[in-house]
Structures are given as C-alpha cells and as structure tokens.
Amino acid sequence: MDIALVGPGRAGTAVARALVDAGHRVISVAGRTPDAESAQIAADRFDARIEPVQSVGRGAALVLIATPDDAIGATASAVAQSLEPDALVMHVAGALGLAPFLPLVETRPDVQVGALHPLQTLPTPDTPLAGAWAAVAGPPLVTELARELGMHPFAVADDHRAMYHAAAVIASNHVVALLGQVERLADAAGVPFAAFEPLTRSAVEHSFDVGPAAALTGPVARGDVATVRGHLDAIPDDERRSYRALADAAHRLTGRNDTSLREALA
Ligand SMILES: NC(=O)c1ccc[n+]([C@@H]2O[C@H](COP(=O)([O-])OP(=O)(O)OC[C@H]3O[C@@H](n4cnc5c(N)ncnc54)[C@H](OP(=O)(O)O)[C@@H]3O)[C@@H](O)[C@H]2O)c1
C-alpha cells in the first residue's frame with residue numbers, strides 16, 4: 001500500500017514505520033505546516049514527499065491521520081479533495097470512533113474510513129507495536145492491517161470509546177503517576193526507587209494472572225486499619241488525597257464494607 005502520513009509525531013511515525021517494516025511504503029507526509037520540523041524528519045526517514053494537508057492524499061491507498069485528537073475531523077475534511085477513490089482514511093486515536101469522519105464521508109462517499117488505536121504507549125517512533133492489542137473500527141481492511149502489524153485487534157462500540165480510553169489512560173498514565181508518588185515517598189524515606197521494581201512488577205503480573213481482586217494484598221485487604229492510619233499520619237499532606245482515593249479503590253476491590261476503614265479514609 002502507498003501511504004500518506006498526516007501528523008508525523010510519535011504515534012503516526014511509529015505506525016507508519018511498522019507498516020513500512022511490513023512491506024508498505026510512505027509516499028507523502030503532511031505536518032502542521034509544510035516546513036514543520038517533524039514533517040521534514042518523517043519525510044527524510046521514509047524518503048517521502050512533503051505536501052500541504054490539502055494535497056497529501058494524492059496517490060495514496062491509505063491516509064494515516066495521527067494529529068492531536070481535536071484536529072482529526074478538520075484534517076480529514078482538509079485532505080478530502082486529494083483522496084483517491086476507495087482510499088482508506090484512518091486515525092489512531094483511542095478516545096474517538098468514526099464520528100470525526102462524518103463530514104468527510106458526506107463529501108467523499110467513495111472513500112473508506114476507519115480507526116486503529118494501538119493500545120500501547122508510544123513515547124518514541126521506534127516503539128514496537130507487535131504484541132500489543134489494537135481497537136479497530138471500520139472496514140475489514142483495518143483489522144487486516146492490525147494483524148499484519150502483529151497486533152491483536154478488537155472492536156469497541158463508538159459510544160464506549162471514551163470509557164475504553166479512560167481505562168487505557170489509567171492503565172498507562174495513571175500507573176506512571178502512581179509510581180511518581182512511590183518515588184517521592186521512597187526519596188523521603190531514604191530508600192532507592194529501584195528497590196520497588198520487583199514489588200510493582202509482581203503485583204502487575206499477578207493482577208493479569210489471577211485478576212485484580214485475587215491479587216490484592218496489604219493492609220486494606222487484611223483490614224489492618226491502624227496501619228492505614230499510620231500511613232496517613234506519616235506521609236506529607238499533599239500525598240494523602242491520592243493515597244485515600246487508591247486505598248478506597250482497594251477497599252472496593254475487597255468487596256467488603258469495612259466501616260472503620262471507611263472512617264480512617266474519610
Ligand atoms: N503517543 C502515544 O502513546 C499514542 C498512543 C496511541 C494513540 N495515540 C494517538 O496518536 C495521535 C497523535 O498523538 P501523538 O502522541 O503522536 O502526538 P504528537 O507526538 O504530538 O504528534 C502529533 C503530530 O501531529 C502534527 N500536527 C498537529 N496538528 C496538525 C495539523 N493540523 N495538521 C497536520 N499535522 C498536525 C504535529 O506537528 P508538530 O510536530 O509541528 O507539533 C505532530 O507531528 C493522537 O490521536 C493520539 O490519541 C498516541
């Protein structure tokens with residue numbers, strides 16, 4: 001497939017790179033502006049031409065849109081006039097289904113629209129996609145592309161997209177934010193952050209092996225309310241809010257209604 005890449009950032013370049021590795025070819029790149037640095041870097045990388053968004057679709061069977069989420073609809077409309085008949089226009093956002101493409105489909109009913117969200121954090125364009133899962137929407141070709149990249153495709157209804165993406169953000173960004181709290185408290189206690197690595201890894205692995213409820217250990221699971229109170233007394237003021245919220249989530253996971261614990265967390 002000849003591919004046009006619109007939005008040559010981390011995700012766009014990572015997906016385009018994986019497609020190139022699978023035997024496809026990036027022929028054109030459009031960034032925020034034709035002289036944008038990211039567009040230049042991607043064009044050099046893929047040996048592709050740089051185009052304004054309005055003409056980037058010329059000759060492409062796949063137009064990959066990887067701009068920030070709120071620019072996807074406008075970008076798809078801008079690219080409309082250059083699309084080849086039957087081209088697939090596909091975004092990679094997690095929070096959105098096919099709704100941003102409705103205006104495009106009205107003006108160009110002869111093209112296909114789809115979405116392929118790699119359920120993987122892509123901090124750099126070289127992050128591998130194989131082995132990750134992918135939320136897909138649109139024609140069977142989207143599912144085929146996901147499989148070709150070594151990903152496990154699954155469908156998410158458009159009206160569940162925001163919920164699905166919230167889960168994805170919690171699974172990645174919030175876990176990282178939580179580790180930030182671990183690092184701050186470890187520093188304050190004079191303990192190396194690295195000491196927590198086996199603990200975190202085994203808790204995460206166990207959660208996926210047996211499910212979060214069965215994997216839960218610690219004072220909330222045991223009902224050790226005095227220990228929880230001791231933590232809240234010991235940690236700095238500005239760390240208590242997230243500790244309370246997560247201890248409350250752990251309490252919910254136990255399925256119990258422990259009044260003394262709820263009082264300690266109130
Ligand atoms: N990164 C991830 O972990 C990840 C994972 C899965 C899905 N996604 C999805 O991938 C999409 C892009 O996210 P990202 O993290 O890759 O962001 P990013 O690194 O900031 O890349 C966005 C790219 O789009 C360009 N751009 C911005 N507005 C544009 C416009 N109007 N027309 C053309 N290009 C435009 C930016 O140009 P400049 O370089 O000039 O700013 C940049 O190259 C989002 O839909 C996101 O939900 C991201």
# chains A, B, ... in the order shown; residues from 1 in each chain; ligands from 1
$ residues_near_ligand --ligand "ligand 1" --cutoff "6 Å" --atoms "only C-alpha atoms and all ligand atoms" --output "list in words"
Val6, Gly7, Pro8, Gly9, Arg10, Ala11, Gly12, Ala30, Gly31, Arg32, Ala36, Ser38, Ala66, Thr67, Pro68, Asp69, Ala71, Thr75, Val92, Ala93, Gly94, His117, Pro118, Gln120, Thr121, Leu122 and Pro123 of chain A
$ residues_around --residues "A:Ala226" --least-positions-apart "3" --cutoff "10 Å" --atoms "only C-alpha atoms" --output "list in words"
Pro219, Gly223, Arg229, Gly230, His231, Leu232, Ser260, Leu261 and Ala264 of chain A
$ closest_residue --among "A:Leu102, A:Leu179, A:Leu96, A:Val113" --to "A:Arg201" --atoms "only C-alpha atoms"
A:Leu179
$ residues_around --residues "stretch 16-18 of chain A" --least-positions-apart "5" --cutoff "12 Å" --atoms "only C-alpha atoms" --output "MDAnalysis selection string"
chainID A and resid 1:11 23:29 42:43 45:48 62:66 90:92 118 124:130 145:151
$ atom_distance --atom1 "atom CA of A:Gln54" --atom2 "atom CA of A:Asp21"
27.0 Å
$ residues_around --residues "stretch 240-245 of chain A" --least-positions-apart "6" --cutoff "10 Å" --atoms "only C-alpha atoms" --output "PyMOL selection string"
chain A and resi 178+181+228+231-234+251+262+264-266
$ atom_distance --atom1 "atom CA of A:Gln112" --atom2 "atom CA of A:Leu88"
4.6 Å
$ select_by_dssp --residues "stretch 53-252 of chain A" --states "strand (DSSP E or B)" --output "ChimeraX atom specification"
/A:62-65,88-91,112-119,133-137,152-155
$ residues_around --residues "A:Gly97" --least-positions-apart "4" --cutoff "9 Å" --atoms "only C-alpha atoms" --output "VMD selection string"
chain A and resid 91 93 101 114 to 115 136 to 137 156 to 161
$ write_last_selection --atoms "N, CA and C atoms" --output "tab-separated table (two decimals), in the first residue's frame"
chain	number	residue	atom	x	y	z
A	91	HIS	N	-7.63	7.03	11.46
A	91	HIS	CA	-6.93	7.69	12.55
A	91	HIS	C	-6.47	6.66	13.58
A	93	ALA	N	-6.47	7.41	17.11
A	93	ALA	CA	-6.84	7.90	18.45
A	93	ALA	C	-7.63	6.85	19.21
A	101	PHE	N	-15.16	11.53	11.23
A	101	PHE	CA	-15.09	11.39	9.77
A	101	PHE	C	-16.44	11.62	9.09
A	114	GLY	N	-11.74	4.56	8.83
A	114	GLY	CA	-11.50	3.57	9.88
A	114	GLY	C	-10.66	4.15	11.01
A	115	ALA	N	-10.48	3.35	12.04
A	115	ALA	CA	-9.64	3.76	13.18
A	115	ALA	C	-8.89	2.54	13.68
A	136	VAL	N	-10.07	-1.50	16.85
A	136	VAL	CA	-10.27	-1.22	15.43
A	136	VAL	C	-11.73	-0.86	15.16
A	137	ALA	N	-11.93	-0.03	14.14
A	137	ALA	CA	-13.28	0.30	13.66
A	137	ALA	C	-13.17	0.53	12.17
A	156	VAL	N	-14.46	-1.82	19.55
A	156	VAL	CA	-15.07	-1.06	20.65
A	156	VAL	C	-16.19	-0.23	20.03
A	157	ALA	N	-17.40	-0.32	20.59
A	157	ALA	CA	-18.51	0.47	20.06
A	157	ALA	C	-18.18	1.96	20.20
A	158	ASP	N	-18.61	2.76	19.24
A	158	ASP	CA	-18.32	4.20	19.27
A	158	ASP	C	-18.73	4.83	20.60
A	159	ASP	N	-19.89	4.42	21.12
A	159	ASP	CA	-20.35	5.07	22.37
A	159	ASP	C	-19.63	4.53	23.62
A	160	HIS	N	-18.73	3.57	23.45
A	160	HIS	CA	-17.90	3.11	24.58
A	160	HIS	C	-16.45	3.57	24.47
A	161	ARG	N	-16.19	4.34	23.43
A	161	ARG	CA	-14.80	4.75	23.17
A	161	ARG	C	-14.19	5.54	24.33
$ atom_distance --atom1 "atom CA of A:Glu205" --atom2 "atom CA of A:Ala132"
15.9 Å
$ closest_residue --among "A:Ala195, A:Glu37, A:Ala214, A:Val225" --to "A:Leu253" --atoms "only C-alpha atoms"
A:Ala214
$ select_by_dssp --residues "stretch 124-266 of chain A" --states "helix (DSSP H, G or I)" --output "JSON, numbers by chain"
{"A": [140, 141, 142, 143, 144, 145, 146, 147, 148, 158, 159, 160, 161, 162, 163, 164, 165, 166, 167, 168, 169, 170, 171, 172, 173, 174, 175, 176, 177, 178, 179, 180, 181, 182, 183, 184, 185, 186, 187, 188, 189, 193, 194, 195, 196, 197, 198, 199, 200, 201, 202, 203, 204, 205, 206, 207, 208, 209, 210, 212, 213, 214, 215, 219, 220, 221, 222, 225, 226, 227, 228, 229, 230, 231, 232, 233, 234, 237, 238, 239, 240, 241, 242, 243, 244, 245, 246, 247, 248, 249, 250, 251, 252, 253, 254, 259, 260, 261, 262, 263, 264, 265]}
$ closest_residue --among "A:Pro139, A:Gly218, A:Gly190, A:Pro100" --to "A:Asp70" --atoms "only C-alpha atoms"
A:Pro100
$ closest_residue --among "A:Leu119, A:Thr200, A:Pro34, A:Tyr164" --to "A:Val176" --atoms "only C-alpha atoms"
A:Thr200
$ closest_residue --among "A:Ile235, A:Ala221, A:Ala155, A:Leu19" --to "A:Gly255" --atoms "only C-alpha atoms"
A:Ala221
$ decode --residues "stretch 163-208 of chain A" --atoms "N, CA and C atoms" --output "CSV table (one decimal), in the first residue's frame"
chain,number,residue,atom,x,y,z
A,163,MET,N,-15.0,5.6,27.4
A,163,MET,CA,-14.8,4.7,28.6
A,163,MET,C,-13.6,3.8,28.4
A,164,TYR,N,-13.5,3.2,27.2
A,164,TYR,CA,-12.3,2.4,26.8
A,164,TYR,C,-11.0,3.2,27.0
A,165,HIS,N,-11.0,4.4,26.5
A,165,HIS,CA,-9.8,5.2,26.5
A,165,HIS,C,-9.5,5.6,27.9
A,166,ALA,N,-10.5,5.9,28.8
A,166,ALA,CA,-10.3,6.2,30.2
A,166,ALA,C,-9.5,5.0,30.8
A,167,ALA,N,-10.0,3.8,30.5
A,167,ALA,CA,-9.3,2.6,31.0
A,167,ALA,C,-7.8,2.5,30.6
A,168,ALA,N,-7.6,2.9,29.3
A,168,ALA,CA,-6.2,2.9,28.7
A,168,ALA,C,-5.4,3.9,29.4
A,169,VAL,N,-5.9,5.1,29.7
A,169,VAL,CA,-5.1,6.1,30.4
A,169,VAL,C,-4.8,5.7,31.8
A,170,ILE,N,-5.8,5.1,32.5
A,170,ILE,CA,-5.5,4.6,33.8
A,170,ILE,C,-4.4,3.5,33.8
A,171,ALA,N,-4.5,2.6,32.8
A,171,ALA,CA,-3.5,1.5,32.7
A,171,ALA,C,-2.1,2.0,32.4
A,172,SER,N,-2.0,3.1,31.8
A,172,SER,CA,-0.6,3.6,31.5
A,172,SER,C,-0.3,4.8,32.3
A,173,ASN,N,-0.9,5.9,31.9
A,173,ASN,CA,-0.5,7.2,32.5
A,173,ASN,C,-0.7,7.3,34.0
A,174,HIS,N,-1.8,6.7,34.5
A,174,HIS,CA,-2.1,6.8,36.0
A,174,HIS,C,-1.1,5.9,36.7
A,175,VAL,N,-0.8,4.7,36.1
A,175,VAL,CA,0.2,3.9,36.8
A,175,VAL,C,1.5,4.6,36.9
A,176,VAL,N,1.9,5.3,35.9
A,176,VAL,CA,3.1,6.1,35.9
A,176,VAL,C,3.0,7.2,37.0
A,177,ALA,N,1.9,7.9,37.0
A,177,ALA,CA,1.7,8.9,38.0
A,177,ALA,C,1.8,8.4,39.4
A,178,LEU,N,1.3,7.1,39.6
A,178,LEU,CA,1.4,6.5,40.9
A,178,LEU,C,2.8,6.1,41.3
A,179,LEU,N,3.6,5.7,40.3
A,179,LEU,CA,5.0,5.4,40.5
A,179,LEU,C,5.8,6.7,40.9
A,180,GLY,N,5.3,7.9,40.4
A,180,GLY,CA,5.8,9.1,40.8
A,180,GLY,C,5.7,9.4,42.3
A,181,GLN,N,4.5,9.0,42.8
A,181,GLN,CA,4.3,9.1,44.2
A,181,GLN,C,5.2,8.1,45.0
A,182,VAL,N,5.3,6.9,44.5
A,182,VAL,CA,6.2,5.9,45.1
A,182,VAL,C,7.6,6.5,45.2
A,183,GLU,N,8.1,7.1,44.1
A,183,GLU,CA,9.4,7.7,44.1
A,183,GLU,C,9.6,8.8,45.1
A,184,ARG,N,8.6,9.7,45.2
A,184,ARG,CA,8.7,10.8,46.2
A,184,ARG,C,8.8,10.3,47.6
A,185,LEU,N,7.9,9.3,47.9
A,185,LEU,CA,7.9,8.8,49.3
A,185,LEU,C,9.1,7.9,49.6
A,186,ALA,N,9.6,7.2,48.6
A,186,ALA,CA,10.9,6.5,48.8
A,186,ALA,C,12.0,7.4,49.0
A,187,ASP,N,12.1,8.5,48.3
A,187,ASP,CA,13.1,9.5,48.5
A,187,ASP,C,13.1,10.0,49.9
A,188,ALA,N,11.8,10.4,50.3
A,188,ALA,CA,11.7,11.0,51.7
A,188,ALA,C,12.1,10.0,52.7
A,189,ALA,N,11.9,8.7,52.5
A,189,ALA,CA,12.3,7.6,53.5
A,189,ALA,C,13.7,7.2,53.3
A,190,GLY,N,14.4,7.7,52.3
A,190,GLY,CA,15.8,7.3,52.1
A,190,GLY,C,16.0,6.0,51.5
A,191,VAL,N,15.0,5.5,50.7
A,191,VAL,CA,15.0,4.2,50.1
A,191,VAL,C,15.1,4.3,48.6
A,192,PRO,N,16.0,3.5,47.9
A,192,PRO,CA,16.1,3.7,46.5
A,192,PRO,C,14.8,3.3,45.8
A,193,PHE,N,14.4,4.1,44.8
A,193,PHE,CA,13.2,3.8,44.0
A,193,PHE,C,13.3,2.4,43.3
A,194,ALA,N,14.5,2.1,42.9
A,194,ALA,CA,14.7,0.8,42.2
A,194,ALA,C,14.3,-0.4,43.1
A,195,ALA,N,14.3,-0.2,44.4
A,195,ALA,CA,14.0,-1.3,45.3
A,195,ALA,C,12.5,-1.8,45.2
A,196,PHE,N,11.7,-0.9,44.6
A,196,PHE,CA,10.3,-1.2,44.5
A,196,PHE,C,10.0,-1.9,43.2
A,197,GLU,N,11.0,-2.0,42.3
A,197,GLU,CA,10.7,-2.6,41.0
A,197,GLU,C,10.1,-4.0,41.0
A,198,PRO,N,10.8,-5.0,41.7
A,198,PRO,CA,10.2,-6.3,41.8
A,198,PRO,C,8.8,-6.4,42.4
A,199,LEU,N,8.6,-5.5,43.4
A,199,LEU,CA,7.3,-5.5,44.0
A,199,LEU,C,6.2,-5.1,43.0
A,200,THR,N,6.5,-4.0,42.3
A,200,THR,CA,5.5,-3.5,41.3
A,200,THR,C,5.3,-4.5,40.2
A,201,ARG,N,6.4,-5.0,39.7
A,201,ARG,CA,6.3,-6.0,38.6
A,201,ARG,C,5.4,-7.2,39.0
A,202,SER,N,5.7,-7.7,40.2
A,202,SER,CA,5.0,-8.9,40.6
A,202,SER,C,3.5,-8.6,40.8
A,203,ALA,N,3.2,-7.4,41.4
A,203,ALA,CA,1.8,-7.1,41.6
A,203,ALA,C,1.1,-6.9,40.3
A,204,VAL,N,1.7,-6.3,39.3
A,204,VAL,CA,1.1,-6.2,38.0
A,204,VAL,C,0.9,-7.5,37.3
A,205,GLU,N,2.0,-8.3,37.3
A,205,GLU,CA,1.9,-9.6,36.7
A,205,GLU,C,0.8,-10.5,37.3
A,206,HIS,N,0.8,-10.5,38.7
A,206,HIS,CA,-0.2,-11.3,39.4
A,206,HIS,C,-1.6,-10.8,39.1
A,207,SER,N,-1.8,-9.5,38.9
A,207,SER,CA,-3.2,-9.0,38.6
A,207,SER,C,-3.7,-9.5,37.3
A,208,PHE,N,-2.8,-9.6,36.3
A,208,PHE,CA,-3.2,-10.2,35.0
A,208,PHE,C,-3.3,-11.7,35.0
